[in-house]
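Coordinates from my_file-v3.cif are shown below (mmCIF, C-alpha atoms and all ligand atoms).
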data_query
#
loop_
_atom_site.label_atom_id
_atom_site.label_comp_id
_atom_site.auth_asym_id
_atom_site.auth_seq_id
_atom_site.Cartn_x
_atom_site.Cartn_y
_atom_site.Cartn_z
CA MET B 4 24.18 -16.46 -8.46
CA THR B 5 22.68 -19.88 -7.85
CA SER B 6 18.96 -20.47 -8.22
CA ARG B 7 18.50 -20.20 -4.45
CA ASP B 8 20.23 -16.84 -4.05
CA PRO B 9 18.04 -13.79 -3.51
CA PHE B 10 17.65 -11.52 -6.53
CA ILE B 11 15.93 -8.31 -7.54
CA GLN B 12 13.90 -8.53 -10.74
CA THR B 13 14.48 -5.52 -13.01
CA VAL B 14 12.97 -4.98 -16.45
CA CYS B 15 16.37 -5.94 -17.93
CA GLY B 16 16.70 -9.14 -15.88
CA PRO B 17 17.56 -10.24 -12.34
CA ILE B 18 20.33 -8.44 -10.42
CA ASP B 19 22.29 -9.22 -7.27
CA PRO B 20 20.65 -7.26 -4.39
CA ALA B 21 24.12 -6.24 -3.18
CA THR B 22 24.51 -4.11 -6.30
CA LEU B 23 21.34 -2.03 -5.72
CA GLY B 24 22.09 1.67 -5.25
CA PRO B 25 19.83 4.54 -4.08
CA THR B 26 16.28 3.59 -5.08
CA LEU B 27 13.01 5.50 -5.45
CA MET B 28 10.18 3.21 -4.40
CA HIS B 29 7.18 4.71 -6.24
CA GLU B 30 7.41 6.43 -9.60
CA HIS B 31 5.74 6.38 -13.01
CA VAL B 32 7.79 6.73 -16.19
CA LEU B 33 5.22 5.80 -18.84
CA CYS B 34 1.57 6.11 -17.85
CA ASP B 35 -1.81 7.59 -18.70
CA LEU B 36 -3.83 8.75 -15.72
CA ALA B 37 -6.44 10.58 -17.76
CA PRO B 38 -9.39 8.19 -17.27
CA ARG B 39 -9.45 9.06 -13.61
CA ALA B 40 -9.04 12.81 -14.05
CA LEU B 41 -11.52 14.66 -11.89
CA ARG B 42 -12.83 17.60 -13.82
CA GLN B 43 -11.46 19.61 -16.66
CA SER B 44 -9.73 22.80 -15.65
CA ASP B 45 -10.33 25.96 -17.67
CA ILE B 46 -7.03 25.43 -19.42
CA ALA B 47 -7.47 21.71 -20.02
CA GLU B 48 -6.90 21.93 -23.75
CA GLU B 49 -4.04 24.44 -23.74
CA LYS B 50 -0.55 23.33 -24.69
CA ILE B 51 1.77 23.39 -21.66
CA SER B 52 3.91 26.54 -21.72
CA LEU B 53 5.90 28.70 -19.36
CA GLU B 54 2.87 30.97 -18.94
CA ASN B 55 0.44 28.25 -17.80
CA CYS B 56 2.60 25.50 -16.27
CA TRP B 57 2.15 26.72 -12.69
CA GLN B 58 -1.63 26.60 -12.97
CA ILE B 59 -1.63 23.22 -14.72
CA ARG B 60 0.65 21.84 -12.02
CA HIS B 61 -1.71 23.24 -9.37
CA GLU B 62 -4.78 21.52 -10.89
CA TRP B 63 -2.70 18.71 -12.30
CA SER B 64 -5.44 16.13 -12.78
CA GLY B 65 -7.69 18.41 -14.83
CA HIS B 66 -5.47 18.72 -17.88
CA ARG B 67 -5.64 15.88 -20.39
CA ASP B 68 -2.15 16.10 -21.84
CA ASN B 69 -0.55 16.65 -18.42
CA CYS B 70 -1.72 13.20 -17.29
CA LEU B 71 0.03 11.43 -20.16
CA LEU B 72 3.68 10.29 -19.99
CA ASP B 73 4.37 8.59 -23.32
CA ASP B 74 7.60 9.99 -24.77
CA GLU B 75 10.45 7.51 -24.32
CA ASP B 76 13.17 9.99 -25.32
CA VAL B 77 11.97 12.53 -22.75
CA ALA B 78 11.75 9.76 -20.14
CA ALA B 79 15.29 8.55 -20.85
CA ALA B 80 16.62 12.11 -20.59
CA GLU B 81 14.78 12.62 -17.26
CA LEU B 82 16.15 9.35 -15.84
CA SER B 83 19.64 10.25 -17.03
CA CYS B 84 19.39 13.31 -14.74
CA LEU B 85 18.48 10.97 -11.89
CA TYR B 86 21.53 8.85 -12.68
CA ALA B 87 23.79 11.92 -12.78
CA SER B 88 22.57 12.91 -9.30
CA GLY B 89 23.45 9.51 -7.81
CA GLY B 90 20.14 7.68 -8.15
CA ARG B 91 20.49 4.14 -9.46
CA ALA B 92 17.05 2.50 -9.46
CA LEU B 93 13.35 3.16 -9.32
CA VAL B 94 10.19 1.17 -8.87
CA GLU B 95 7.68 1.85 -11.67
CA LEU B 96 4.14 1.13 -10.51
CA THR B 97 2.06 1.73 -13.64
CA VAL B 98 -0.44 -1.12 -13.67
CA THR B 99 -3.44 -2.22 -15.74
CA GLY B 100 -5.88 0.68 -16.01
CA ILE B 101 -3.25 3.42 -16.35
CA ALA B 102 -1.45 2.11 -19.45
CA PRO B 103 1.62 0.07 -18.48
CA ASP B 104 4.35 -0.37 -21.13
CA PRO B 105 6.92 -2.88 -19.87
CA GLN B 106 8.87 -3.03 -23.16
CA GLY B 107 9.13 0.76 -23.17
CA LEU B 108 10.49 0.66 -19.61
CA ARG B 109 13.16 -1.80 -20.71
CA ARG B 110 14.33 0.51 -23.49
CA ILE B 111 14.34 3.53 -21.15
CA SER B 112 16.30 1.62 -18.52
CA ALA B 113 18.90 0.58 -21.10
CA ALA B 114 19.19 4.16 -22.41
CA SER B 115 19.50 5.84 -18.99
CA GLY B 116 21.39 3.32 -16.83
CA ILE B 117 18.63 3.43 -14.18
CA ALA B 118 17.52 -0.02 -13.03
CA ILE B 119 13.72 -0.18 -13.23
CA ILE B 120 11.67 -2.60 -11.16
CA ALA B 121 8.21 -2.85 -12.70
CA GLY B 122 4.96 -3.40 -10.85
CA CYS B 123 1.95 -5.43 -11.98
CA GLY B 124 -1.72 -5.68 -11.07
CA PHE B 125 -4.75 -3.43 -11.26
CA TYR B 126 -5.51 0.20 -10.54
CA THR B 127 -8.80 1.54 -9.11
CA GLU B 128 -12.17 0.48 -10.51
CA GLU B 129 -12.59 4.02 -11.81
CA SER B 130 -9.82 3.36 -14.33
CA ARG B 131 -12.39 0.99 -15.86
CA ASP B 132 -10.39 -1.95 -16.99
CA ASP B 133 -12.82 -4.56 -18.28
CA ASP B 134 -10.61 -7.45 -17.21
CA LEU B 135 -10.68 -6.20 -13.65
CA LEU B 136 -14.46 -5.99 -13.65
CA GLU B 137 -15.16 -9.38 -15.20
CA SER B 138 -12.36 -11.74 -14.14
CA SER B 139 -12.54 -13.97 -11.08
CA GLU B 140 -10.23 -13.56 -8.09
CA ASP B 141 -8.45 -16.67 -9.19
CA ASP B 142 -7.87 -15.41 -12.72
CA LEU B 143 -6.51 -12.10 -11.44
CA ALA B 144 -4.13 -13.88 -9.07
CA LYS B 145 -2.91 -16.15 -11.88
CA ARG B 146 -2.26 -13.13 -14.07
CA MET B 147 -0.15 -11.40 -11.43
CA ILE B 148 1.77 -14.59 -10.65
CA ASN B 149 2.47 -14.94 -14.37
CA ASP B 150 3.57 -11.29 -14.55
CA VAL B 151 6.16 -11.93 -11.81
CA ARG B 152 7.32 -15.36 -12.98
CA HIS B 153 7.21 -15.08 -16.77
CA GLY B 154 6.44 -11.57 -17.98
CA ILE B 155 3.88 -8.80 -17.73
CA GLY B 156 0.92 -9.45 -20.02
CA ASP B 157 2.29 -11.07 -23.15
CA SER B 158 5.74 -9.48 -22.83
CA ASP B 159 8.85 -11.21 -21.46
CA VAL B 160 9.49 -8.34 -19.04
CA ARG B 161 9.00 -9.70 -15.55
CA ALA B 162 7.49 -7.70 -12.69
CA GLY B 163 9.60 -7.31 -9.54
CA ILE B 164 6.78 -6.16 -7.26
CA ILE B 165 2.97 -6.40 -7.13
CA GLY B 166 1.07 -3.09 -7.30
CA GLU B 167 0.23 -0.38 -6.94
CA ILE B 168 -3.10 -2.07 -6.31
CA GLY B 169 -5.83 0.56 -6.51
CA CYS B 170 -8.15 0.91 -3.53
CA SER B 171 -10.32 3.99 -3.99
CA ASP B 172 -12.09 5.80 -1.16
CA ALA B 173 -15.16 3.60 -1.66
CA TRP B 174 -12.94 0.48 -1.72
CA THR B 175 -15.39 -1.28 -4.04
CA ARG B 176 -16.03 -5.02 -4.24
CA VAL B 177 -14.11 -5.15 -7.50
CA GLU B 178 -11.12 -3.51 -5.83
CA GLN B 179 -11.39 -5.90 -2.89
CA LYS B 180 -11.30 -8.79 -5.36
CA ALA B 181 -8.14 -7.39 -6.95
CA LEU B 182 -6.45 -6.88 -3.58
CA HIS B 183 -7.42 -10.40 -2.49
CA ALA B 184 -5.84 -11.72 -5.69
CA ALA B 185 -2.74 -9.58 -5.11
CA VAL B 186 -2.29 -11.05 -1.62
CA VAL B 187 -2.54 -14.56 -3.10
CA ALA B 188 0.14 -13.54 -5.63
CA GLN B 189 2.30 -12.08 -2.84
CA ILE B 190 2.14 -15.34 -0.88
CA GLU B 191 2.81 -17.43 -3.99
CA THR B 192 5.73 -15.42 -5.41
CA GLY B 193 7.28 -13.77 -2.32
CA ALA B 194 7.19 -10.40 -4.09
CA SER B 195 6.34 -7.30 -2.08
CA LEU B 196 2.97 -5.64 -2.48
CA ASN B 197 2.29 -1.92 -2.97
CA ILE B 198 -1.15 -0.51 -2.18
CA HIS B 199 -2.71 2.75 -3.38
CA PRO B 200 -4.96 3.18 -0.33
CA PRO B 201 -8.23 5.03 0.29
CA ARG B 202 -7.88 8.54 1.76
CA SER B 203 -9.11 7.57 5.20
CA VAL B 204 -7.14 6.34 8.18
CA GLU B 205 -9.78 3.86 9.26
CA LYS B 206 -9.85 2.29 5.79
CA LEU B 207 -6.08 1.87 6.04
CA PHE B 208 -6.57 -0.25 9.13
CA GLU B 209 -9.34 -2.24 7.42
CA ILE B 210 -6.94 -3.05 4.62
CA THR B 211 -4.19 -4.18 6.97
CA GLN B 212 -6.68 -6.54 8.63
CA PHE B 213 -7.84 -7.80 5.24
CA ILE B 214 -4.26 -8.62 4.20
CA ASP B 215 -3.43 -10.15 7.55
CA GLN B 216 -6.52 -12.38 7.57
CA LEU B 217 -5.65 -13.71 4.13
CA GLY B 218 -2.17 -14.67 5.36
CA GLY B 219 -0.36 -11.86 3.51
CA LYS B 220 2.78 -10.30 4.91
CA LEU B 221 2.32 -6.76 6.23
CA GLU B 222 6.08 -6.32 6.54
CA ARG B 223 6.17 -6.70 2.75
CA SER B 224 3.08 -4.53 2.16
CA ILE B 225 3.90 -0.94 1.27
CA PHE B 226 1.18 1.67 1.78
CA SER B 227 1.64 4.50 -0.71
CA HIS B 228 0.68 8.16 -0.33
CA ILE B 229 0.77 8.32 3.47
CA ASP B 230 1.43 12.07 2.94
CA ARG B 231 -2.26 12.57 2.06
CA THR B 232 -3.71 9.97 4.39
CA ILE B 233 -2.25 10.28 7.91
CA PHE B 234 -1.96 13.69 9.55
CA THR B 235 -1.36 13.05 13.25
CA LEU B 236 1.49 11.31 15.03
CA ASP B 237 -1.02 9.31 17.02
CA ASP B 238 -2.51 7.76 13.86
CA LEU B 239 0.94 7.37 12.34
CA PHE B 240 2.26 5.40 15.33
CA ARG B 241 -0.88 3.24 15.48
CA PHE B 242 -0.41 2.43 11.82
CA ALA B 243 3.31 1.73 12.25
CA ASP B 244 2.41 -0.75 14.98
CA THR B 245 0.67 -2.94 12.36
CA GLY B 246 4.14 -3.65 10.93
CA SER B 247 3.18 -2.28 7.50
CA VAL B 248 5.60 -0.28 5.36
CA ILE B 249 4.87 3.47 5.33
CA GLU B 250 5.57 5.31 2.10
CA TYR B 251 6.05 9.08 1.82
CA ASP B 252 5.94 9.41 -1.93
CA PHE B 253 4.77 12.96 -2.65
CA PHE B 254 8.24 14.50 -2.18
CA GLY B 255 8.48 17.56 -4.39
CA ILE B 256 4.79 18.46 -4.07
CA GLU B 257 5.19 21.67 -2.08
CA SER B 258 1.66 22.95 -2.65
CA SER B 259 -0.89 22.44 0.12
CA TYR B 260 -3.66 22.10 -2.50
CA TYR B 261 -4.90 18.57 -3.21
CA PRO B 262 -7.45 18.07 -6.01
CA PHE B 263 -9.09 14.90 -4.67
CA LYS B 264 -10.04 15.85 -1.12
CA ASN B 265 -10.32 18.86 1.16
CA ILE B 266 -7.07 18.31 2.98
CA ASP B 267 -3.87 20.32 3.30
CA LEU B 268 -0.91 18.43 1.90
CA PRO B 269 2.37 18.66 3.83
CA ASN B 270 5.56 20.05 2.29
CA ASP B 271 8.90 18.22 2.19
CA ALA B 272 10.06 19.51 5.59
CA MET B 273 6.82 18.30 7.21
CA ARG B 274 7.24 14.90 5.57
CA LEU B 275 10.76 14.67 6.96
CA LYS B 276 9.54 15.60 10.45
CA MET B 277 6.94 12.82 10.39
CA MET B 278 9.64 10.39 9.22
CA ARG B 279 11.98 11.60 11.97
CA SER B 280 9.31 10.91 14.60
CA LEU B 281 8.79 7.41 13.22
CA ILE B 282 12.52 6.70 13.30
CA ASP B 283 12.83 7.98 16.88
CA ARG B 284 10.15 5.45 17.83
CA GLY B 285 12.07 2.60 16.19
CA HIS B 286 10.38 2.33 12.77
CA LEU B 287 13.34 3.14 10.50
CA SER B 288 13.07 -0.10 8.52
CA GLN B 289 9.35 0.52 7.78
CA ILE B 290 9.77 3.75 5.81
CA THR B 291 10.19 4.28 2.07
CA LEU B 292 10.23 7.50 0.08
CA SER B 293 9.65 8.63 -3.46
CA GLN B 294 8.07 11.31 -5.64
CA ASP B 295 5.23 9.50 -7.46
CA ILE B 296 5.86 11.46 -10.64
CA CYS B 297 2.91 10.85 -12.96
CA THR B 298 2.37 14.12 -14.84
CA LYS B 299 4.30 16.19 -17.35
CA THR B 300 4.50 19.31 -15.19
CA ARG B 301 6.53 17.39 -12.61
CA LEU B 302 9.22 16.56 -15.19
CA SER B 303 12.25 18.86 -15.59
CA ARG B 304 11.31 19.24 -19.26
CA TYR B 305 8.12 21.05 -18.26
CA GLY B 306 9.51 23.10 -15.37
CA GLY B 307 9.01 20.49 -12.65
CA HIS B 308 11.42 19.04 -10.10
CA GLY B 309 12.10 15.82 -12.02
CA TYR B 310 13.05 12.38 -10.73
CA ALA B 311 16.31 13.68 -9.19
CA HIS B 312 14.58 15.93 -6.61
CA ILE B 313 15.08 13.66 -3.59
CA MET B 314 18.72 12.99 -4.49
CA LYS B 315 19.51 16.62 -5.31
CA ASN B 316 17.37 18.63 -2.91
CA VAL B 317 16.02 16.44 -0.11
CA LEU B 318 18.95 14.27 0.98
CA PRO B 319 21.25 17.31 1.46
CA VAL B 320 18.92 18.89 4.06
CA MET B 321 18.39 15.69 6.01
CA PRO B 322 21.57 15.90 8.13
CA ARG B 323 20.54 19.27 9.59
CA MET B 324 17.15 17.77 10.41
CA GLY B 325 18.85 15.08 12.47
CA PHE B 326 19.15 12.20 10.02
CA SER B 327 22.44 10.28 10.18
CA ASP B 328 24.24 8.90 7.13
CA ALA B 329 23.33 5.39 8.26
CA GLU B 330 19.64 6.32 8.44
CA ILE B 331 19.71 7.90 4.98
CA ASP B 332 21.40 4.80 3.64
CA ALA B 333 18.71 2.61 5.23
CA LEU B 334 15.94 4.71 3.65
CA MET B 335 17.48 4.88 0.19
CA VAL B 336 19.25 1.52 -0.14
CA ALA B 337 18.87 -1.08 2.62
CA THR B 338 15.07 -0.98 2.96
CA PRO B 339 14.41 -0.94 -0.82
CA CYS B 340 16.88 -3.81 -1.13
CA ARG B 341 15.08 -5.87 1.51
CA LEU B 342 11.64 -5.14 0.04
CA LEU B 343 12.63 -5.91 -3.55
CA SER B 344 14.69 -9.06 -2.89
CA MET B 345 13.04 -12.33 -3.81
CA VAL B 346 14.07 -15.97 -4.00
CA TYR B 347 12.79 -18.54 -6.47
CA ASN B 348 10.34 -20.88 -4.84
ZN ZN B 401 1.56 5.78 -8.21
#

Represent the structure of the file as structure tokens.
Amino acid sequence: MTSRDPFIQTVCGPIDPATLGPTLMHEHVLCDLAPRALRQSDIAEEKISLENCWQIRHEWSGHRDNCLLDDEDVAAAELSCLYASGGRALVELTVTGIAPDPQGLRRISAASGIAIIAGCGFYTEESRDDDLLESSEDDLAKRMINDVRHGIGDSDVRAGIIGEIGCSDAWTRVEQKALHAAVVAQIETGASLNIHPPRSVEKLFEITQFIDQLGGKLERSIFSHIDRTIFTLDDLFRFADTGSVIEYDFFGIESSYYPFKNIDLPNDAMRLKMMRSLIDRGHLSQITLSQDICTKTRLSRYGGHGYAHIMKNVLPVMPRMGFSDAEIDALMVATPCRLLSMVYN
């Protein structure tokens, strides 16, 4: 590679985009979501066991230990299962506020063979990171640019994407400052941007306008968790028309219950139907998919579906739901490749 060739930045160094295999675009391997947990469930303090894992999974945010992924050996074993099922890379979006560990990701990548592309930036204000509250827009932008160009925080592990940038339902001023800074970093570095959006369709549109007005690229802005945000085809098509990237990243959550809002979550088949409708309207290159694993009970070790679920259980049903091999390849390889490729500038 010459210095002008596109590359994908993994935690173990840059790789040639042509070598990228099937890629999950939104996962967490090491993280601690506990600060944002809603309320304690009745079994919050119990050790996870076969007897209680269904209930903890159901109320997943109310159990302290469930919200903590911190065991590198377990993580490497889980990612080895992903590798064995044909997965080759994942994007790890644990950012400031939910305990990022870039050096740990590098060790897990080396142990499992899975290429990991790390995110950088700031989660929601609720995660209460003092830096996020006190720093200026300019400082936050500089930090993210440094994370991409030189290494996350004081590590030498470079980020390959910006985000997930936390925008809570209130979309607070502090969160707007962080998103503004992230757009500046997107423009400066050419990296794609991932947004954890509010749970309201109209706020989604506000955010697209915000990014657009700042000169950010919507075609390199990925909106996470569309599964819990857009419920009608009409809204979905209107959103697709903004040119933004639409991410279905709750694959494997087959329960309609959602702890953060009174909505009914879709199951995998419903996600695939929404994706099919988008593709039929010409939006194939705007869709990404993933599982957003961020709790213990979603790991194989604790009775969950694990990181290999899409590879093992979702891709095989897609042909009978009308997806061609070329479309599956676009979703799993070509689109991630385009979104993760960068050039030095
Ligand atoms: Zn996430």

Please find the residues contacting ligand ZN 401 (chain B) at a distance of at most 12 Å between atoms, with only C-alpha atoms and all ligand atoms counted, and report them as a PyMOL selection string.
chain B and resi 27-36+94-98+100-101+103+121-123+125-127+166-170+197-200+225-229+250-253+293-298

Include C-alpha atoms and write out the residues we just selected as a PDB file, in the coordinates of the input.
ATOM      1  CA  LEU B  27      13.010   5.500  -5.450  1.00  0.00           C
ATOM      2  CA  MET B  28      10.180   3.210  -4.400  1.00  0.00           C
ATOM      3  CA  HIS B  29       7.180   4.710  -6.240  1.00  0.00           C
ATOM      4  CA  GLU B  30       7.410   6.430  -9.600  1.00  0.00           C
ATOM      5  CA  HIS B  31       5.740   6.380 -13.010  1.00  0.00           C
ATOM      6  CA  VAL B  32       7.790   6.730 -16.190  1.00  0.00           C
ATOM      7  CA  LEU B  33       5.220   5.800 -18.840  1.00  0.00           C
ATOM      8  CA  CYS B  34       1.570   6.110 -17.850  1.00  0.00           C
ATOM      9  CA  ASP B  35      -1.810   7.590 -18.700  1.00  0.00           C
ATOM     10  CA  LEU B  36      -3.830   8.750 -15.720  1.00  0.00           C
ATOM     11  CA  VAL B  94      10.190   1.170  -8.870  1.00  0.00           C
ATOM     12  CA  GLU B  95       7.680   1.850 -11.670  1.00  0.00           C
ATOM     13  CA  LEU B  96       4.140   1.130 -10.510  1.00  0.00           C
ATOM     14  CA  THR B  97       2.060   1.730 -13.640  1.00  0.00           C
ATOM     15  CA  VAL B  98      -0.440  -1.120 -13.670  1.00  0.00           C
ATOM     16  CA  GLY B 100      -5.880   0.680 -16.010  1.00  0.00           C
ATOM     17  CA  ILE B 101      -3.250   3.420 -16.350  1.00  0.00           C
ATOM     18  CA  PRO B 103       1.620   0.070 -18.480  1.00  0.00           C
ATOM     19  CA  ALA B 121       8.210  -2.850 -12.700  1.00  0.00           C
ATOM     20  CA  GLY B 122       4.960  -3.400 -10.850  1.00  0.00           C
ATOM     21  CA  CYS B 123       1.950  -5.430 -11.980  1.00  0.00           C
ATOM     22  CA  PHE B 125      -4.750  -3.430 -11.260  1.00  0.00           C
ATOM     23  CA  TYR B 126      -5.510   0.200 -10.540  1.00  0.00           C
ATOM     24  CA  THR B 127      -8.800   1.540  -9.110  1.00  0.00           C
ATOM     25  CA  GLY B 166       1.070  -3.090  -7.300  1.00  0.00           C
ATOM     26  CA  GLU B 167       0.230  -0.380  -6.940  1.00  0.00           C
ATOM     27  CA  ILE B 168      -3.100  -2.070  -6.310  1.00  0.00           C
ATOM     28  CA  GLY B 169      -5.830   0.560  -6.510  1.00  0.00           C
ATOM     29  CA  CYS B 170      -8.150   0.910  -3.530  1.00  0.00           C
ATOM     30  CA  ASN B 197       2.290  -1.920  -2.970  1.00  0.00           C
ATOM     31  CA  ILE B 198      -1.150  -0.510  -2.180  1.00  0.00           C
ATOM     32  CA  HIS B 199      -2.710   2.750  -3.380  1.00  0.00           C
ATOM     33  CA  PRO B 200      -4.960   3.180  -0.330  1.00  0.00           C
ATOM     34  CA  ILE B 225       3.900  -0.940   1.270  1.00  0.00           C
ATOM     35  CA  PHE B 226       1.180   1.670   1.780  1.00  0.00           C
ATOM     36  CA  SER B 227       1.640   4.500  -0.710  1.00  0.00           C
ATOM     37  CA  HIS B 228       0.680   8.160  -0.330  1.00  0.00           C
ATOM     38  CA  ILE B 229       0.770   8.320   3.470  1.00  0.00           C
ATOM     39  CA  GLU B 250       5.570   5.310   2.100  1.00  0.00           C
ATOM     40  CA  TYR B 251       6.050   9.080   1.820  1.00  0.00           C
ATOM     41  CA  ASP B 252       5.940   9.410  -1.930  1.00  0.00           C
ATOM     42  CA  PHE B 253       4.770  12.960  -2.650  1.00  0.00           C
ATOM     43  CA  SER B 293       9.650   8.630  -3.460  1.00  0.00           C
ATOM     44  CA  GLN B 294       8.070  11.310  -5.640  1.00  0.00           C
ATOM     45  CA  ASP B 295       5.230   9.500  -7.460  1.00  0.00           C
ATOM     46  CA  ILE B 296       5.860  11.460 -10.640  1.00  0.00           C
ATOM     47  CA  CYS B 297       2.910  10.850 -12.960  1.00  0.00           C
ATOM     48  CA  THR B 298       2.370  14.120 -14.840  1.00  0.00           C
TER      49      THR B 298
END

Among B:Ala144, B:Ala87, B:Asp157, B:Arg231, B:Pro262 is approached most closely, using all atoms listed in the file, by B:Arg231

Looking at only C-alpha atoms, which of B:Lys145, B:His308, B:His286, B:Arg279 is the one that sits closest to B:Pro322?
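When distances to B:Pro322 are compared using only C-alpha atoms, the smallest one comes from B:Arg279.
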
Nearby residues (all atoms listed in the file) at most 12 Å from B:Asp267, same-chain spacing under 6 positions excluded, as number ranges by chain:
B: 230-234, 256-261, 273

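Here atom CA of B:Pro105 stands at a distance of 27.2 Å from atom CA of B:Ile214.
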
Name all residues at most 10 Å from B:Gly309 (count only C-alpha atoms; drop same-chain ones fewer than 3 positions away) and give them as a PyMOL selection string.
chain B and resi 81-82+84-85+255+294+296+299-306+312-313

As an exercise, work out the distance from atom CA of B:Met345 to atom CA of B:Phe242 in Å and give it to one decimal place.
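The value is 25.4 Å.
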
Among B:Leu108, B:Ile290, B:Ile18, B:Ile331, B:Ser224 is approached most closely, using only C-alpha atoms, by B:Ile290

Take atom CA of B:Asp244 and atom CA of B:Gly325 and report the distance between them in Å, one decimal.
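Pair atom CA of B:Asp244 / atom CA of B:Gly325 returns 23.0 Å.
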
Would you mind listing what lies within 8 Å of B:Gln106 as a PDB file with C-alpha atoms, in the frame of the given file, with only C-alpha atoms counted and same-chain residues fewer than 2 positions away left out?
ATOM      1  CA  ASP B 104       4.350  -0.370 -21.130  1.00  0.00           C
ATOM      2  CA  LEU B 108      10.490   0.660 -19.610  1.00  0.00           C
ATOM      3  CA  ARG B 109      13.160  -1.800 -20.710  1.00  0.00           C
ATOM      4  CA  ARG B 110      14.330   0.510 -23.490  1.00  0.00           C
ATOM      5  CA  SER B 158       5.740  -9.480 -22.830  1.00  0.00           C
ATOM      6  CA  VAL B 160       9.490  -8.340 -19.040  1.00  0.00           C
TER       7      VAL B 160
END

For B:Ser64, which of B:Cys15, B:Glu137, B:Phe263, B:Leu221 is the closest residue, counting all atoms listed in the file?
B:Phe263
